[in-house]
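What's in run.tsv: TSV, C-alpha atoms
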chain	number	residue	atom	x	y	z
A	1	MET	CA	-12.59	76.61	-45.04
A	2	HIS	CA	-12.88	77.23	-41.44
A	3	VAL	CA	-15.43	74.40	-41.13
A	4	GLY	CA	-13.14	71.99	-42.99
A	5	ALA	CA	-10.24	72.89	-40.72
A	6	SER	CA	-12.29	72.25	-37.62
A	7	VAL	CA	-13.42	68.87	-38.97
A	8	ALA	CA	-9.80	67.99	-39.69
A	9	GLY	CA	-8.89	69.11	-36.16
A	10	TRP	CA	-11.56	66.90	-34.68
A	11	ILE	CA	-10.40	63.98	-36.79
A	12	ALA	CA	-6.83	64.57	-35.61
A	13	ILE	CA	-7.98	64.68	-31.97
A	14	GLY	CA	-10.01	61.49	-32.47
A	15	ALA	CA	-7.03	59.78	-34.12
A	16	ALA	CA	-4.78	60.89	-31.26
A	17	ALA	CA	-7.31	59.59	-28.73
A	18	ALA	CA	-7.54	56.27	-30.62
A	19	ALA	CA	-3.73	56.06	-30.68
A	20	VAL	CA	-3.55	56.70	-26.90
A	21	ALA	CA	-6.26	54.05	-26.30
A	22	ALA	CA	-4.38	51.57	-28.53
A	23	LEU	CA	-1.14	52.37	-26.69
A	24	LEU	CA	-2.83	51.80	-23.28
A	25	LEU	CA	-4.33	48.53	-24.56
A	26	ALA	CA	-0.91	47.40	-25.82
A	27	LEU	CA	0.70	48.35	-22.49
A	28	GLY	CA	-1.98	46.40	-20.58
A	29	SER	CA	-1.46	43.39	-22.83
A	30	PHE	CA	2.31	43.61	-22.36
A	31	LEU	CA	1.97	43.71	-18.56
A	32	THR	CA	-0.45	40.76	-18.60
A	33	LEU	CA	1.88	38.74	-20.84
A	34	ARG	CA	4.82	39.59	-18.57
A	35	ARG	CA	2.87	38.37	-15.49
A	36	VAL	CA	1.93	35.12	-17.31
A	37	ARG	CA	5.57	34.56	-18.35
A	38	ARG	CA	6.74	35.13	-14.77
A	39	SER	CA	4.18	32.61	-13.51
A	40	GLN	CA	5.26	30.19	-16.22
A	41	LEU	CA	8.91	30.52	-15.16
A	42	VAL	CA	7.94	29.79	-11.56
A	43	LEU	CA	6.01	26.72	-12.70
A	44	LEU	CA	8.67	25.44	-15.11
A	45	GLY	CA	11.67	26.27	-12.96
A	46	GLY	CA	13.34	28.67	-15.37
A	47	GLY	CA	13.67	26.18	-18.23
A	48	LYS	CA	13.12	26.98	-21.88
A	49	ALA	CA	10.25	24.51	-22.26
A	50	ASP	CA	6.75	25.74	-22.74
A	51	LEU	CA	3.65	24.61	-20.83
A	52	ILE	CA	2.80	21.89	-23.36
A	53	ASP	CA	6.24	20.28	-23.01
A	54	PHE	CA	5.91	20.55	-19.25
A	55	ALA	CA	2.46	18.94	-19.29
A	56	VAL	CA	3.69	16.08	-21.51
A	57	SER	CA	6.66	15.54	-19.17
A	58	LEU	CA	4.38	15.62	-16.13
A	59	GLN	CA	2.00	13.09	-17.71
A	60	GLY	CA	4.95	10.77	-18.38
A	61	ARG	CA	6.02	10.96	-14.75
A	62	ILE	CA	2.45	10.29	-13.61
A	63	ASP	CA	2.29	7.24	-15.90
A	64	ASP	CA	5.60	6.00	-14.42
A	65	LEU	CA	4.18	6.50	-10.94
A	66	HIS	CA	1.05	4.50	-11.82
A	67	ARG	CA	3.22	1.64	-13.11
A	68	ALA	CA	5.32	1.69	-9.94
A	69	VAL	CA	2.20	1.62	-7.75
A	70	ASP	CA	0.82	-1.32	-9.76
A	71	GLU	CA	4.11	-3.21	-9.36
A	72	ILE	CA	4.15	-2.53	-5.61
A	73	GLY	CA	0.53	-3.70	-5.34
A	74	ALA	CA	1.35	-6.94	-7.14
A	75	ALA	CA	4.41	-7.52	-4.96
A	76	LEU	CA	2.36	-6.88	-1.83
A	77	ALA	CA	-0.24	-9.41	-2.97
A	78	ARG	CA	2.56	-11.99	-3.41
A	79	VAL	CA	3.86	-11.22	0.08
A	80	ASP	CA	0.34	-11.57	1.52
A	81	ARG	CA	0.01	-15.01	-0.07
A	82	ARG	CA	3.40	-16.06	1.32
A	83	VAL	CA	2.52	-14.81	4.79
A	84	ASP	CA	-0.77	-16.72	4.72
A	85	ASP	CA	1.21	-19.89	3.99
A	86	THR	CA	3.66	-19.45	6.89
A	87	VAL	CA	3.35	-20.77	10.41
A	88	SER	CA	1.65	-17.85	12.08
A	89	LYS	CA	-0.71	-19.49	14.58
A	90	THR	CA	0.87	-21.33	17.50
A	91	ALA	CA	-0.24	-22.58	20.90
A	92	ILE	CA	0.96	-24.96	23.60
A	93	VAL	CA	-1.26	-26.96	25.94
A	94	ARG	CA	0.48	-28.59	28.92
A	95	TYR	CA	-1.21	-31.42	30.80
A	96	ASP	CA	-0.76	-34.60	32.81
A	97	ALA	CA	-1.10	-37.51	30.42
A	98	TYR	CA	-1.17	-40.06	33.26
A	99	SER	CA	-2.81	-39.75	36.63
A	100	ASP	CA	0.31	-40.90	38.50
A	101	SER	CA	2.49	-38.12	37.09
A	102	GLY	CA	2.31	-34.49	38.10
A	103	GLY	CA	3.60	-31.12	37.04
A	104	HIS	CA	2.04	-31.04	33.57
A	105	GLN	CA	5.01	-32.76	31.96
A	106	SER	CA	3.19	-33.64	28.72
A	107	ALA	CA	2.42	-31.03	26.04
A	108	SER	CA	0.76	-30.58	22.66
A	109	VAL	CA	1.98	-27.86	20.31
A	110	ALA	CA	-0.02	-26.61	17.32
A	111	LEU	CA	1.95	-24.96	14.46
A	112	LEU	CA	-0.54	-23.73	11.85
A	113	ASP	CA	-0.93	-21.27	9.00
A	114	SER	CA	-3.93	-18.99	8.53
A	115	ALA	CA	-5.86	-21.78	6.74
A	116	ARG	CA	-5.57	-24.18	9.73
A	117	SER	CA	-2.95	-26.28	7.93
A	118	GLY	CA	0.19	-27.45	9.68
A	119	VAL	CA	1.16	-29.92	12.39
A	120	VAL	CA	0.33	-30.80	15.98
A	121	LEU	CA	3.20	-32.24	18.01
A	122	SER	CA	2.51	-34.05	21.24
A	123	ALA	CA	5.11	-35.14	23.77
A	124	ILE	CA	3.70	-37.63	26.25
A	125	GLN	CA	5.86	-37.90	29.34
A	126	GLY	CA	5.62	-40.93	31.62
A	127	ARG	CA	7.75	-41.82	34.62
A	128	ASP	CA	10.20	-43.91	32.63
A	129	TYR	CA	9.72	-42.81	29.03
A	130	ALA	CA	8.70	-40.03	26.67
A	131	ARG	CA	6.88	-40.45	23.37
A	132	ILE	CA	6.46	-37.89	20.61
A	133	TYR	CA	3.55	-37.93	18.19
A	134	MET	CA	3.03	-35.76	15.13
A	135	LYS	CA	-0.26	-35.25	13.33
A	136	GLU	CA	-0.73	-33.29	10.15
A	137	LEU	CA	-3.67	-30.91	9.61
A	138	ASP	CA	-4.94	-29.84	6.21
A	139	ARG	CA	-7.42	-26.98	6.45
A	140	GLY	CA	-8.43	-28.08	9.95
A	141	ARG	CA	-8.80	-31.77	9.11
A	142	ALA	CA	-6.44	-34.27	10.72
A	143	SER	CA	-5.59	-37.57	9.04
A	144	ILE	CA	-5.57	-39.16	12.54
A	145	ALA	CA	-8.08	-38.18	15.24
A	146	LEU	CA	-6.85	-35.47	17.59
A	147	SER	CA	-6.79	-35.98	21.34
A	148	PRO	CA	-8.75	-33.41	23.41
A	149	GLU	CA	-5.48	-31.65	24.32
A	150	GLU	CA	-4.38	-31.52	20.68
A	151	ALA	CA	-7.77	-30.16	19.61
A	152	GLU	CA	-7.49	-27.54	22.37
A	153	ALA	CA	-4.02	-26.53	21.10
A	154	VAL	CA	-5.45	-26.13	17.56
A	155	GLU	CA	-8.37	-24.01	18.83
A	156	ARG	CA	-6.09	-21.82	20.96
A	157	ALA	CA	-3.73	-21.29	18.04
A	158	MET	CA	-6.55	-20.26	15.68
A	159	SER	CA	-8.07	-17.88	18.23
A	160	ARG	CA	-4.93	-15.72	18.25
With the file now loaded, output its structure as structure tokens.
Amino acid sequence: MHVGASVAGWIAIGAAAAAVAALLLALGSFLTLRRVRRSQLVLLGGGKADLIDFAVSLQGRIDDLHRAVDEIGAALARVDRRVDDTVSKTAIVRYDAYSDSGGHQSASVALLDSARSGVVLSAIQGRDYARIYMKELDRGRASIALSPEEAEAVERAMSR
């Protein structure tokens, strides 16, 4: 019976060792779970939601952000088109239209958009009179031939 008692003793020791190992494993798991929960609280801001709810909420906000960026991009494209259609290229060329006048009293002014469309205004100053002429440009083409000074005003405006 002495052999049976020693076997039972060894079994009891083995069971105690297994119980201690299981207890240590459970303690390690508890500490790991506690660390994960603490990290989750930092990430979620102390709310009661879990990570899946947080991820779904985050994806919704990202989708909203993408929509807002798309709307801003479309609005910016509209603004670019409007800016291209505005008078953004200007130049003035002053000159003497007549040899008997001095001081560069005559002038041609080009008012164009980015596509070379707009108007050229010329004010011709003589001793006793002043005349104003207006010529329309559509993509760089004038319906009436441009004078050299008017053409120079157009070229100066487009070079800026």
>> Need to verify the contact set: Ala115 of chain A, 9 Å, all atoms listed in the file, exclusion of same-chain residues closer than 2 positions in sequence. Can you return it as a list in words?
In response: Asp84, Asp85, Leu112, Asp113, Ser117, Gly118, Asp138, Arg139 and Gly140 of chain A
> What does the distance from atom CA of Leu121 of chain A to atom CA of Val109 of chain A come to in Å, to one decimal?
Replying inline: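 Atom CA of Val109 of chain A lies at a distance of 5.1 Å from atom CA of Leu121 of chain A.
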Kindly assemble as a tab-separated table a list of the segment 107-140 of chain A residues that lie within 7 Å of segment 146-154 of chain A, each paired with its nearest atom pair and their distance in Å to one decimal, using all atoms listed in the file, sorted first by chain and then by ascending residue number.
residue	atom	partner	partner_atom	distance
A:Ser108	CA	A:Glu150	CA	5.6
A:Val109	CA	A:Ala153	CA	6.2
A:Ala110	CA	A:Val154	CA	5.5
A:Val120	CA	A:Glu150	CA	6.7
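Here atom CA of Ser106 of chain A and atom CA of Arg127 of chain A stand 11.1 Å from one another.
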>> So that I can check the surroundings of Asp96 of chain A, please list as a list in words every protein, DNA and RNA residue that reaches within 12 Å of it, counting only C-alpha atoms and ignoring chain neighbours fewer than 3 positions away.
In response: Val93, Ser99, Asp100, Ser101, Gly102, Gly103, His104, Gln105, Ser106, Ala107, Ser108, Ala123, Ile124, Gln125, Gly126, Arg127 and Glu149 of chain A
>> Let me make sure I understand: among A:Tyr129, A:Ile144, A:Gln40, A:Ser122, which one has the smallest atom-to-atom distance to Arg94 of chain A if we use only C-alpha atoms?
In response: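 With only C-alpha atoms as the atom set, the closest residue is A:Ser122.
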>> Please compute the atom CA of Asp128 of chain A-atom CA of Leu111 of chain A distance, one decimal, in Å.
In response: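 Between these atoms lies a distance of 27.5 Å.
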Kindly provide the residues of segment 18-110 of chain A that approach segment 8-14 of chain A to within 10 Å, each paired with its closest atom pair and their distance in Å to one decimal, based on all atoms listed in the file, listed by chain and increasing number, as JSON lines.
{"residue": "A:Ala18", "atom": "CA", "partner": "A:Gly14", "partner_atom": "CA", "distance": 6.1}
{"residue": "A:Ala19", "atom": "CA", "partner": "A:Gly14", "partner_atom": "CA", "distance": 8.5}
{"residue": "A:Val20", "atom": "CA", "partner": "A:Gly14", "partner_atom": "CA", "distance": 9.8}
> From the set A:Ala17, A:Leu43, A:Ala157, A:Val79, which residue has the shortest atom-to-atom contact distance to Arg116 of chain A, counting all atoms listed in the file?
Replying inline: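 Checking each candidate against Arg116 of chain A, we get A:Ala157 as the closest.
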